[in-house]
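*Asks:* This structure is in structure tokens; I'll ask about it shortly.
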Amino acid sequence: MPKAFAAKFSDLSGPTNPTGIMSPAFLALKQLLDRGDTPENVLQGLYDWLSQKKIEPSHVDRILELEPAAALDALIGLIGGKLSPKTLPPIVLQTLQRAVQKIAQTYVERGEQAVAKEQERLSALRSRYGVESAPQLVSRLLGS
């Protein structure tokens with residue numbers, strides 16, 4: 001959960017708010033990025049901001065199909081506000097890169113959990129119905 005914040009006049013301009021977006025969710029994200037906050041907090045702020053733009057987390061996951069540098073650029077594009085990777089401070093770029101890595105980590109963990117759950121389901125079906133795997137079938141046939 002992002003920390004509480006108070007907006008200052010300087011938050012309404014600069015390289016991380018070039019269009020002066022007047023949104024509490026955007027300003028919270030901006031502050032998280034400006035101070036190089038944790039990936040978890042940045043992602044929460046990012047998803048809060050993107051939800052206002054009607055962009056779902058599953059859309060963010062699609063950036064993982066790109067190479068890492070392109071994924072970072074795509075994430076910056078999703079944030080919008082005319083942000084440019086060329087003008088963002090290094091800490092902001094590093095913070096966003098860590099956020100992309102966290103998105104990838106979360107995506108992989110969800111996928112691994114889904115695979116493990118499916119393997120458990122298939123194992124239960126195999127034992128319940130006496131289904132042999134291909135290696136088991138070959139071993140049984142060769143042993144006979």
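Naming works like this for the structure tokens: A, B, ... for the chains as they're shown, residue 1 at the start of each chain, ligands 1 onward in shown order.
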Can you build me a table of range 36-59 of chain A residues sitting at most 8 Å from range 75-89 of chain A, with the closest atom pair per residue and its distance in Å to one decimal, using only C-alpha atoms, sorted by chain and residue number, as JSON lines?

*Replies:*
```
{"residue": "A:Leu46", "atom": "CA", "partner": "A:Ile79", "partner_atom": "CA", "distance": 7.6}
{"residue": "A:Trp49", "atom": "CA", "partner": "A:Ile79", "partner_atom": "CA", "distance": 7.7}
{"residue": "A:Leu50", "atom": "CA", "partner": "A:Ile79", "partner_atom": "CA", "distance": 6.8}
```

*Asks:* Filtering to C-alpha atoms, could you give me those residues as a PDB file, in the first residue's frame?

*Replies:*
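Now in selection.pdb:
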```pdb
ATOM      1  CA  LEU A  46       0.818   2.058 -11.151  1.00  0.00           C
ATOM      2  CA  TRP A  49      -3.316   5.058 -11.897  1.00  0.00           C
ATOM      3  CA  LEU A  50      -3.900   2.690 -14.819  1.00  0.00           C
TER       4      LEU A  50
END
```

*Asks:* Taking the backbone alone, and naming residues the way the document does, which bits of range 56-102 of chain A are helix (DSSP H, G or I) by DSSP, as a ChimeraX atom specification?

*Replies:* /A:57-65,68-79,90-102

*Asks:* Pick out the closest residue to Glu65 in chain A from this set: A:Ala116, A:Leu122, A:Ile103, A:Gln97. Count only C-alpha atoms.

*Replies:*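 Of A:Ala116, A:Leu122, A:Ile103, A:Gln97, the one nearest Glu65 in chain A, counting only C-alpha atoms, is A:Ile103.
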
*Asks:* Residues near Ser58 in chain A, anyone? I mean within 10 Å using only C-alpha atoms, not counting same-chain ones fewer than 4 positions away, as a VMD selection string.

*Replies:* chain A and resid 62 to 63 107

*Asks:* With N, CA and C atoms kept, could you save the residues just selected as a tab-separated table (two decimals), in the first residue's frame?

*Replies:*
```tsv
chain	number	residue	atom	x	y	z
A	62	ARG	N	1.06	-8.05	-20.70
A	62	ARG	CA	1.43	-8.27	-22.10
A	62	ARG	C	2.75	-7.61	-22.49
A	63	ILE	N	3.21	-6.64	-21.71
A	63	ILE	CA	4.50	-6.03	-22.04
A	63	ILE	C	5.63	-7.02	-21.87
A	107	TYR	N	4.10	-12.73	-12.61
A	107	TYR	CA	3.50	-13.48	-13.73
A	107	TYR	C	4.01	-14.92	-13.74
```

*Asks:* Could you give me, as a list in words, the residues within 8 Å of Val42 in chain A, counting only C-alpha atoms and dropping anything in the same chain fewer than 4 positions from it?

*Replies:*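 Listing them by chain and then by number gives Pro2, Leu29, Leu32, Leu33, Asp37, Thr38, Leu46, Thr95, Leu96 and Ala99 of chain A.
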
*Asks:* Using only C-alpha atoms, which residue out of A:Arg140, A:Gln52, A:Glu120, A:Glu40 lies closest to Gln105 in chain A?

*Replies:* A:Glu40

*Asks:* Between A:His59, A:Arg121, A:Lys54, A:Arg98, which is the closest to Pro39 in chain A once you count only C-alpha atoms?

*Replies:*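 Looking at the shortest contact to Pro39 in chain A, the residue is A:Arg98.
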
*Asks:* How far is it from CA of Ala25 in chain A to CA of Val60 in chain A, in Å with one decimal?

*Replies:*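 Distance between the two atoms: 17.0 Å.
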
*Asks:* Interatomic distance between CA of Ser133 in chain A and CA of Val115 in chain A?

*Replies:*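 CA of Val115 in chain A lies 17.6 Å from CA of Ser133 in chain A.
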
*Asks:* Counting only C-alpha atoms, figure out which residue out of A:Ser51, A:Ser139, A:Gln101, A:Gln119 gets nearest to Glu67 in chain A.

*Replies:*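 Among the listed residues, the smallest separation from Glu67 in chain A belongs to A:Gln101.
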
*Asks:* Which one of A:Ser23, A:Asp61, A:Tyr47, A:Leu93 sits closest to Arg110 in chain A if you count only C-alpha atoms?

*Replies:* A:Asp61

*Asks:* What does the structure give for the distance between CA of Arg35 in chain A and CA of Ala104 in chain A, in Å to one decimal?

*Replies:*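 It comes out at 22.2 Å.
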